[in-house]
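This is entry_11.cif. It holds mmCIF, C-alpha atoms.
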```cif
data_start
loop_
_atom_site.label_atom_id
_atom_site.label_comp_id
_atom_site.auth_asym_id
_atom_site.auth_seq_id
_atom_site.Cartn_x
_atom_site.Cartn_y
_atom_site.Cartn_z
CA MET A 154 -39.67 -15.80 -75.91
CA LYS A 155 -39.79 -19.36 -74.58
CA GLU A 156 -36.50 -18.81 -72.73
CA ILE A 157 -37.81 -15.57 -71.20
CA LEU A 158 -41.02 -17.23 -70.03
CA SER A 159 -39.04 -20.10 -68.55
CA ARG A 160 -36.82 -17.71 -66.61
CA ILE A 161 -39.82 -15.75 -65.34
CA THR A 162 -41.51 -18.99 -64.23
CA LYS A 163 -38.37 -20.19 -62.49
CA ASP A 164 -37.89 -16.88 -60.68
CA TYR A 165 -41.53 -16.86 -59.56
CA LEU A 166 -41.44 -20.45 -58.28
CA TYR A 167 -38.13 -19.85 -56.54
CA ARG A 168 -39.50 -16.78 -54.75
CA LEU A 169 -42.49 -18.88 -53.72
CA VAL A 170 -40.46 -21.76 -52.27
CA LYS A 171 -38.03 -19.32 -50.66
CA GLU A 172 -41.03 -18.18 -48.60
CA GLY A 173 -41.89 -21.80 -47.76
CA LYS A 174 -44.83 -21.89 -50.20
CA ARG A 175 -45.75 -24.09 -53.14
CA LEU A 176 -48.19 -23.81 -56.04
CA ASP A 177 -50.63 -26.29 -54.52
CA GLY A 178 -50.28 -25.13 -50.92
CA ARG A 179 -48.28 -28.11 -49.65
CA GLY A 180 -45.37 -27.97 -47.26
CA MET A 181 -41.84 -28.33 -48.61
CA TYR A 182 -41.58 -31.96 -47.49
CA GLU A 183 -45.19 -33.00 -48.02
CA TYR A 184 -46.49 -35.52 -50.57
CA ARG A 185 -49.49 -34.93 -52.74
CA ASP A 186 -52.42 -37.28 -52.11
CA ILE A 187 -51.31 -40.91 -52.50
CA ASN A 188 -53.79 -43.53 -53.70
CA ILE A 189 -52.66 -47.15 -54.07
CA ASP A 190 -54.83 -49.93 -55.50
CA ALA A 191 -53.32 -53.43 -55.70
CA GLY A 192 -54.56 -56.30 -57.82
CA GLU A 193 -55.88 -54.05 -60.59
CA ILE A 194 -54.76 -56.14 -63.59
CA ASP A 195 -56.24 -59.64 -63.83
CA PRO A 196 -53.82 -61.26 -66.34
CA ALA A 197 -50.79 -60.21 -64.30
CA GLU A 198 -49.22 -62.24 -61.49
CA GLY A 199 -49.30 -59.07 -59.41
CA SER A 200 -50.23 -55.47 -60.06
CA ALA A 201 -50.80 -52.05 -58.55
CA ARG A 202 -51.96 -48.62 -59.62
CA VAL A 203 -50.54 -45.58 -57.87
CA LYS A 204 -51.88 -42.06 -58.17
CA LEU A 205 -49.58 -39.42 -56.74
CA GLY A 206 -51.54 -36.23 -57.23
CA ASP A 207 -52.24 -36.27 -60.97
CA THR A 208 -49.34 -38.61 -61.73
CA ASP A 209 -50.84 -42.01 -62.57
CA VAL A 210 -48.76 -45.19 -62.86
CA TYR A 211 -49.62 -48.87 -63.40
CA VAL A 212 -47.17 -51.61 -62.44
CA GLY A 213 -47.64 -55.24 -63.42
CA THR A 214 -45.56 -58.37 -62.85
CA LYS A 215 -45.34 -61.53 -64.95
CA MET A 216 -43.33 -64.70 -64.32
CA ASP A 217 -41.92 -67.37 -66.57
CA VAL A 218 -39.54 -70.31 -66.26
CA GLY A 219 -36.14 -69.94 -67.90
CA GLU A 220 -32.41 -70.45 -67.51
CA PRO A 221 -30.38 -68.63 -64.83
CA TYR A 222 -27.40 -66.45 -65.58
CA PRO A 223 -24.15 -68.48 -65.67
CA ASP A 224 -22.63 -66.54 -62.73
CA THR A 225 -25.75 -67.01 -60.54
CA PRO A 226 -26.91 -70.56 -61.29
CA ASP A 227 -29.03 -70.84 -58.13
CA THR A 228 -30.74 -67.45 -58.35
CA GLY A 229 -33.90 -66.30 -60.10
CA VAL A 230 -33.84 -63.42 -62.58
CA LEU A 231 -35.47 -60.03 -62.09
CA THR A 232 -35.89 -57.46 -64.87
CA THR A 233 -37.58 -54.05 -64.89
CA ALA A 234 -38.84 -52.01 -67.84
CA ALA A 235 -40.75 -48.74 -68.14
CA GLU A 236 -43.05 -47.47 -70.87
CA LEU A 237 -43.80 -43.78 -71.20
CA ILE A 238 -46.67 -43.52 -73.66
CA PRO A 239 -47.61 -40.35 -75.60
CA MET A 240 -50.97 -40.29 -73.82
CA ALA A 241 -49.14 -39.61 -70.54
CA SER A 242 -47.39 -36.45 -71.72
CA PRO A 243 -46.71 -34.50 -74.95
CA LYS A 244 -42.97 -34.96 -74.29
CA TYR A 245 -43.15 -38.74 -74.80
CA GLU A 246 -43.11 -40.40 -78.22
CA SER A 247 -44.00 -43.84 -79.54
CA GLY A 248 -41.21 -46.30 -80.19
CA PRO A 249 -38.35 -47.90 -78.23
CA PRO A 250 -37.75 -46.70 -74.64
CA GLY A 251 -36.03 -43.32 -74.52
CA GLU A 252 -33.65 -41.89 -71.94
CA ASP A 253 -36.43 -40.96 -69.51
CA ALA A 254 -37.90 -44.48 -69.55
CA THR A 255 -34.48 -46.07 -69.16
CA GLU A 256 -33.57 -43.82 -66.24
CA LEU A 257 -36.90 -44.47 -64.50
CA ALA A 258 -36.52 -48.24 -64.83
CA ARG A 259 -32.92 -48.20 -63.62
CA VAL A 260 -33.50 -45.99 -60.58
CA VAL A 261 -36.47 -47.94 -59.20
CA ASP A 262 -34.91 -51.29 -60.15
CA ARG A 263 -31.82 -50.38 -58.14
CA GLY A 264 -33.89 -49.89 -55.00
CA VAL A 265 -35.55 -53.29 -55.44
CA ARG A 266 -32.36 -55.12 -56.37
CA GLU A 267 -29.93 -53.55 -53.90
CA GLY A 268 -32.57 -53.66 -51.18
CA ASP A 269 -33.00 -57.44 -51.58
CA VAL A 270 -36.75 -56.97 -51.80
CA VAL A 271 -37.24 -60.37 -53.44
CA ASP A 272 -35.41 -63.44 -52.16
CA THR A 273 -34.30 -64.58 -55.60
CA THR A 274 -32.55 -67.66 -54.20
CA LYS A 275 -36.03 -69.05 -53.51
CA LEU A 276 -36.86 -68.62 -57.19
CA CYS A 277 -34.44 -71.37 -58.18
CA ILE A 278 -36.19 -74.50 -59.47
CA GLU A 279 -33.18 -76.56 -60.57
CA GLU A 280 -29.71 -75.11 -60.06
CA GLY A 281 -28.04 -74.16 -63.31
CA GLU A 282 -31.07 -75.28 -65.32
CA LYS A 283 -34.37 -73.69 -64.35
CA VAL A 284 -35.32 -70.59 -62.40
CA TRP A 285 -38.23 -68.21 -62.21
CA ILE A 286 -37.84 -65.04 -64.27
CA LEU A 287 -39.72 -62.07 -62.80
CA PHE A 288 -40.70 -59.28 -65.20
CA ILE A 289 -41.70 -55.91 -63.73
CA ASP A 290 -43.39 -53.51 -66.16
CA ILE A 291 -44.08 -49.86 -65.38
CA HIS A 292 -46.70 -48.08 -67.49
CA VAL A 293 -47.12 -44.33 -67.03
CA LEU A 294 -50.68 -43.23 -67.73
CA ASP A 295 -50.39 -39.59 -66.70
CA TYR A 296 -47.25 -37.59 -65.93
CA ASP A 297 -47.44 -34.67 -63.52
CA GLY A 298 -44.02 -35.00 -61.91
CA ASN A 299 -42.17 -37.45 -59.64
CA LEU A 300 -42.51 -40.70 -61.54
CA PHE A 301 -39.77 -42.22 -59.40
CA ASP A 302 -41.76 -42.35 -56.18
CA ALA A 303 -45.02 -43.31 -57.89
CA ALA A 304 -43.29 -46.16 -59.73
CA GLY A 305 -41.33 -47.22 -56.63
CA MET A 306 -44.46 -47.48 -54.49
CA GLY A 307 -46.24 -49.24 -57.36
CA ILE A 308 -43.49 -51.82 -57.75
CA MET A 309 -43.47 -52.59 -54.03
CA ALA A 310 -47.26 -52.99 -53.95
CA ALA A 311 -47.25 -55.12 -57.11
CA LEU A 312 -44.52 -57.41 -55.75
CA LEU A 313 -46.43 -57.89 -52.50
CA ASP A 314 -49.49 -58.73 -54.61
CA THR A 315 -47.61 -61.24 -56.78
CA MET A 316 -48.35 -64.96 -56.68
CA VAL A 317 -45.79 -67.32 -58.24
CA PRO A 318 -47.86 -69.17 -60.91
CA ALA A 319 -46.43 -72.62 -60.16
CA SER A 320 -49.63 -74.45 -61.09
CA ARG A 321 -49.32 -73.29 -64.71
CA PHE A 322 -45.82 -74.65 -65.29
CA ASP A 323 -44.89 -78.34 -65.31
CA GLU A 324 -41.25 -77.33 -64.84
CA ALA A 325 -42.01 -75.59 -61.54
CA ASP A 326 -42.27 -78.79 -59.49
CA GLU A 327 -45.10 -77.18 -57.50
CA ASP A 328 -48.82 -77.92 -57.63
CA GLU A 329 -50.12 -74.68 -56.15
CA ASP A 330 -49.40 -71.00 -56.62
CA TYR A 331 -47.69 -69.28 -53.70
CA PRO A 332 -46.80 -65.71 -52.68
CA LEU A 333 -43.62 -64.22 -54.08
CA PRO A 334 -40.89 -64.51 -51.39
CA ILE A 335 -40.48 -60.95 -50.11
CA GLU A 336 -37.59 -60.16 -47.76
CA HIS A 337 -37.74 -56.38 -47.37
CA ILE A 338 -40.10 -53.47 -47.94
CA VAL A 339 -38.31 -50.71 -49.87
CA VAL A 340 -39.78 -47.40 -51.03
CA PRO A 341 -38.11 -44.28 -52.44
CA ALA A 342 -38.38 -40.61 -51.53
CA THR A 343 -37.40 -38.17 -54.26
CA PHE A 344 -36.26 -34.61 -53.59
CA THR A 345 -35.64 -31.85 -56.10
CA LYS A 346 -33.55 -28.74 -55.70
CA ILE A 347 -34.45 -25.33 -57.13
CA LYS A 348 -31.37 -23.18 -56.60
CA ASP A 349 -30.83 -23.57 -52.82
CA GLN A 350 -34.33 -24.80 -51.92
CA ILE A 351 -35.23 -28.48 -51.57
CA LEU A 352 -38.69 -29.96 -52.18
CA LEU A 353 -40.22 -33.41 -51.81
CA ASP A 354 -42.47 -34.81 -54.53
CA SER A 355 -42.22 -32.08 -57.14
CA GLN A 356 -45.18 -31.63 -59.42
CA LEU A 357 -44.51 -31.04 -63.10
CA GLU A 358 -44.04 -27.26 -63.02
CA GLU A 359 -41.54 -27.57 -60.18
CA GLU A 360 -39.78 -30.48 -61.81
CA LYS A 361 -39.34 -28.57 -65.08
CA ILE A 362 -37.16 -25.94 -63.42
CA ALA A 363 -35.33 -28.18 -60.94
CA ASP A 364 -31.54 -28.03 -60.93
CA ALA A 365 -30.96 -31.40 -59.25
CA ARG A 366 -32.85 -34.48 -58.10
CA LEU A 367 -32.03 -37.03 -55.40
CA THR A 368 -33.87 -40.33 -54.90
CA VAL A 369 -33.25 -42.07 -51.56
CA SER A 370 -34.54 -45.65 -51.16
CA LEU A 371 -34.91 -47.04 -47.64
CA ASN A 372 -35.99 -50.40 -46.25
CA GLU A 373 -38.13 -51.12 -43.18
CA ASN A 374 -35.07 -50.73 -40.94
CA ASP A 375 -34.45 -47.20 -42.27
CA GLU A 376 -31.29 -48.45 -43.98
CA ILE A 377 -30.29 -46.73 -47.20
CA VAL A 378 -30.28 -49.37 -49.92
CA ALA A 379 -29.87 -47.05 -52.92
CA MET A 380 -29.35 -43.39 -53.78
CA GLN A 381 -29.42 -41.85 -57.22
CA LYS A 382 -28.79 -38.23 -58.23
CA GLY A 383 -30.28 -36.87 -61.43
CA LEU A 384 -30.06 -33.65 -63.47
CA ARG A 385 -26.99 -31.41 -63.67
CA GLY A 386 -27.08 -29.66 -60.33
CA VAL A 387 -25.58 -30.88 -57.07
CA PHE A 388 -26.59 -31.73 -53.53
CA ASP A 389 -23.87 -30.75 -51.09
CA TYR A 390 -23.05 -32.79 -48.01
CA GLU A 391 -25.44 -30.96 -45.67
CA SER A 392 -28.30 -31.02 -48.18
CA THR A 393 -27.81 -34.73 -48.73
CA LYS A 394 -27.87 -35.38 -44.97
CA GLU A 395 -31.08 -33.37 -44.66
CA CYS A 396 -32.74 -35.37 -47.46
CA ILE A 397 -31.76 -38.64 -45.80
CA ARG A 398 -33.09 -37.46 -42.45
CA LYS A 399 -36.40 -36.42 -43.99
CA ALA A 400 -36.61 -39.62 -46.03
CA LYS A 401 -36.52 -41.75 -42.88
CA ASP A 402 -39.72 -40.16 -41.60
CA ILE A 403 -41.40 -40.00 -45.00
CA CYS A 404 -40.63 -43.56 -46.11
CA SER A 405 -42.02 -45.10 -42.93
CA GLU A 406 -45.40 -43.59 -43.80
CA THR A 407 -45.38 -44.65 -47.46
CA ARG A 408 -44.27 -48.19 -46.53
CA ASP A 409 -47.27 -48.43 -44.22
CA LYS A 410 -49.57 -47.25 -47.02
CA VAL A 411 -48.22 -49.90 -49.39
CA VAL A 412 -48.44 -52.77 -46.89
CA ASP A 413 -51.87 -51.74 -45.65
CA GLU A 414 -53.22 -51.67 -49.20
CA VAL A 415 -51.98 -55.14 -50.08
CA GLY A 416 -52.81 -56.58 -46.67
CA ARG A 417 -50.20 -59.30 -46.95
CA GLU A 418 -49.49 -61.03 -43.66
CA ASN A 419 -46.48 -63.24 -44.46
CA ILE A 420 -43.84 -60.51 -44.76
#
```
What does this structure look like when you write it as structure tokens?
Amino acid sequence: MKEILSRITKDYLYRLVKEGKRLDGRGMYEYRDINIDAGEIDPAEGSARVKLGDTDVYVGTKMDVGEPYPDTPDTGVLTTAAELIPMASPKYESGPPGEDATELARVVDRGVREGDVVDTTKLCIEEGEKVWILFIDIHVLDYDGNLFDAAGMGIMAALLDTMVPASRFDEADEDEDYPLPIEHIVVPATFTKIKDQILLDSQLEEEKIADARLTVSLNENDEIVAMQKGLRGVFDYESTKECIRKAKDICSETRDKVVDEVGRENI
């Protein structure tokens, strides 16, 4: 019965998108309402809450002083983790991060890392001895599809909101806190494919029946810094080009939303 209902749902949604329609009335390449609030978590060095429709994500950053990796002695360390709590969705369970959490953290981390969002060379305190370690934590409060874009926007806003807590660490050799050194503004745009139809920002019902997913991360120069395909389906060459073309228009708008919310001037 469950399989029959799933097939009926998929056929109905496919007929809908084939006609250029969606369950909530949006266009095929239109985001749900985006709300970004930076500086929401007081104990964190930086934070942001992003609501993408009914998807609700918190991102917080913390910093500590530690040792660099041996192969990058003059570079700070950046690490990203995601937590998908049972309150966010019945599909999530308590315990260590599962595959969904690991994939979410890796996809959004790749955009930040490969896009050189943070100038980690400026996080070196003493080469080979002491560097700043930047922890990025993603907490999903409510899951209604497209965690990748919600988390990606949240990370960018939280990083822009982050102050390096130099005044709290004797090892930092600084007396005052200062803004995290940001080099680039990177945000993702995630597309899903239902048979031969492509959608931006799938809500949960659309995401459940998607055959393939493609996340394109672009910087402020419209350069592709990361791409990640998910699920078992494929994006052919022409479909991939179309997603990239759409992403260039879409990401410019979401970057502006992120920067405007944080209001940081020294970018």
Open item on the list: Excluding region 227-242 of chain A and its own-chain neighbours fewer than 2 positions away, which residues fall within 9 Å of it when counting only C-alpha atoms? Please give them as a PyMOL selection string.
Closed with: chain A and resi 208-209+219-222+224-225+244-251+253-259+261-262+266+271-297
Task: Of the listed residues A:Leu169, A:Ile187, A:Val369, A:Ala303, that which approaches Thr393 (chain A) most closely, counting all atoms listed in the file - done: A:Val369
- [ ] Would you work out the distance separating CA of Ile347 (chain A) from CA of Tyr167 (chain A), expressed in Å to one decimal?
- [x]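 Taking CA of Ile347 (chain A) and CA of Tyr167 (chain A), their separation equals 6.6 Å.
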Counting all atoms listed in the file, which residues of region 210-283 of chain A fall within 10 Å of region 314-321 of chain A, and what is the closest atom pair for each with its distance in Å at one decimal, ordered by chain and rising number, as JSON lines?
```
{"residue": "A:Gly213", "atom": "CA", "partner": "A:Thr315", "partner_atom": "CA", "distance": 8.9}
{"residue": "A:Thr214", "atom": "CA", "partner": "A:Thr315", "partner_atom": "CA", "distance": 7.0}
{"residue": "A:Lys215", "atom": "CA", "partner": "A:Thr315", "partner_atom": "CA", "distance": 8.5}
{"residue": "A:Met216", "atom": "CA", "partner": "A:Val317", "partner_atom": "CA", "distance": 7.1}
{"residue": "A:Asp217", "atom": "CA", "partner": "A:Pro318", "partner_atom": "CA", "distance": 8.4}
{"residue": "A:Val218", "atom": "CA", "partner": "A:Ala319", "partner_atom": "CA", "distance": 9.5}
{"residue": "A:Leu276", "atom": "CA", "partner": "A:Val317", "partner_atom": "CA", "distance": 9.1}
```
TODO: Give as a ChimeraX atom specification the residues that the PyMOL selection byres ((chain A and resi 388) around 10) matches when applied to the coordinates above.
DONE: /A:345-346,349,351,364-367,382,386-387,389-394,396
Please dump the current selection as a PDB file, in the frame of the given file; keep C-alpha atoms.
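Final file, part10.pdb:
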```pdb
ATOM      1  CA  THR A 345     -35.640 -31.850 -56.100  1.00  0.00           C
ATOM      2  CA  LYS A 346     -33.550 -28.740 -55.700  1.00  0.00           C
ATOM      3  CA  ASP A 349     -30.830 -23.570 -52.820  1.00  0.00           C
ATOM      4  CA  ILE A 351     -35.230 -28.480 -51.570  1.00  0.00           C
ATOM      5  CA  ASP A 364     -31.540 -28.030 -60.930  1.00  0.00           C
ATOM      6  CA  ALA A 365     -30.960 -31.400 -59.250  1.00  0.00           C
ATOM      7  CA  ARG A 366     -32.850 -34.480 -58.100  1.00  0.00           C
ATOM      8  CA  LEU A 367     -32.030 -37.030 -55.400  1.00  0.00           C
ATOM      9  CA  LYS A 382     -28.790 -38.230 -58.230  1.00  0.00           C
ATOM     10  CA  GLY A 386     -27.080 -29.660 -60.330  1.00  0.00           C
ATOM     11  CA  VAL A 387     -25.580 -30.880 -57.070  1.00  0.00           C
ATOM     12  CA  ASP A 389     -23.870 -30.750 -51.090  1.00  0.00           C
ATOM     13  CA  TYR A 390     -23.050 -32.790 -48.010  1.00  0.00           C
ATOM     14  CA  GLU A 391     -25.440 -30.960 -45.670  1.00  0.00           C
ATOM     15  CA  SER A 392     -28.300 -31.020 -48.180  1.00  0.00           C
ATOM     16  CA  THR A 393     -27.810 -34.730 -48.730  1.00  0.00           C
ATOM     17  CA  LYS A 394     -27.870 -35.380 -44.970  1.00  0.00           C
ATOM     18  CA  CYS A 396     -32.740 -35.370 -47.460  1.00  0.00           C
TER      19      CYS A 396
END
```
TODO: Please tell me which residues are no farther than 10 Å from (-57.2, -47.8, -58.5) in the file, counting only C-alpha atoms, and write them as a list in words.
DONE: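 Residues found, by chain and rising number: Asn188, Ile189, Asp190, Ala191, Gly192, Glu193, Ala201, Arg202, Val203, Lys204, Asp209, Val210 and Tyr211 of chain A.
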Task: Counting only C-alpha atoms, the option among A:Ser200, A:Glu395, A:Phe344, A:Val378 closest to Glu414 (chain A) - done: A:Ser200
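Interatomic distance, CA of Asp207 (chain A) against CA of Lys410 (chain A): 18.0 Å.
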Task: Atom pair CA of Ala197 (chain A) / CA of Leu312 (chain A): separation (Å) - done: 11.0 Å
Task: Counting all atoms listed in the file, the residue of A:Gln381, A:Gly307, A:Leu166, A:Asp375 that sits nearest Ile403 (chain A) - done: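 Closest to Ile403 (chain A) of all the choices is A:Asp375.
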Open item on the list: My list of candidates is A:Glu358, A:Asp302, A:Asp409, A:Glu329. Which is closest to Asp177 (chain A) when distances are computed with only C-alpha atoms?
Closed with: A:Glu358
Open item on the list: Residues near Leu176 (chain A), anyone? I mean within 12 Å using only C-alpha atoms, not counting same-chain ones fewer than 3 positions away, as a list in words.
Closed with: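 Selected residues are Thr162, Tyr165, Leu166, Tyr167, Arg168, Leu169, Val170, Glu172, Gly173, Arg179, Gly180, Met181, Arg185, Leu352, Ser355, Gln356, Leu357, Glu358 and Glu359 of chain A.
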Could you please take those selected residues and save C-alpha atoms as a PDB file, in the coordinates of the input?
```
ATOM      1  CA  THR A 162     -41.510 -18.990 -64.230  1.00  0.00           C
ATOM      2  CA  TYR A 165     -41.530 -16.860 -59.560  1.00  0.00           C
ATOM      3  CA  LEU A 166     -41.440 -20.450 -58.280  1.00  0.00           C
ATOM      4  CA  TYR A 167     -38.130 -19.850 -56.540  1.00  0.00           C
ATOM      5  CA  ARG A 168     -39.500 -16.780 -54.750  1.00  0.00           C
ATOM      6  CA  LEU A 169     -42.490 -18.880 -53.720  1.00  0.00           C
ATOM      7  CA  VAL A 170     -40.460 -21.760 -52.270  1.00  0.00           C
ATOM      8  CA  GLU A 172     -41.030 -18.180 -48.600  1.00  0.00           C
ATOM      9  CA  GLY A 173     -41.890 -21.800 -47.760  1.00  0.00           C
ATOM     10  CA  ARG A 179     -48.280 -28.110 -49.650  1.00  0.00           C
ATOM     11  CA  GLY A 180     -45.370 -27.970 -47.260  1.00  0.00           C
ATOM     12  CA  MET A 181     -41.840 -28.330 -48.610  1.00  0.00           C
ATOM     13  CA  ARG A 185     -49.490 -34.930 -52.740  1.00  0.00           C
ATOM     14  CA  LEU A 352     -38.690 -29.960 -52.180  1.00  0.00           C
ATOM     15  CA  SER A 355     -42.220 -32.080 -57.140  1.00  0.00           C
ATOM     16  CA  GLN A 356     -45.180 -31.630 -59.420  1.00  0.00           C
ATOM     17  CA  LEU A 357     -44.510 -31.040 -63.100  1.00  0.00           C
ATOM     18  CA  GLU A 358     -44.040 -27.260 -63.020  1.00  0.00           C
ATOM     19  CA  GLU A 359     -41.540 -27.570 -60.180  1.00  0.00           C
TER      20      GLU A 359
END
```
TODO: Counting all atoms listed in the file, figure out which residue out of A:Lys399, A:Arg160, A:Arg263, A:Arg408 gets nearest to His337 (chain A).
DONE: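 So, comparing all the options, the nearest one is A:Arg408.
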Task: Which residue of A:Pro334, A:Val260, A:Lys171, A:Ile377 approaches Ile397 (chain A) most closely, using all atoms listed in the file - done: A:Ile377
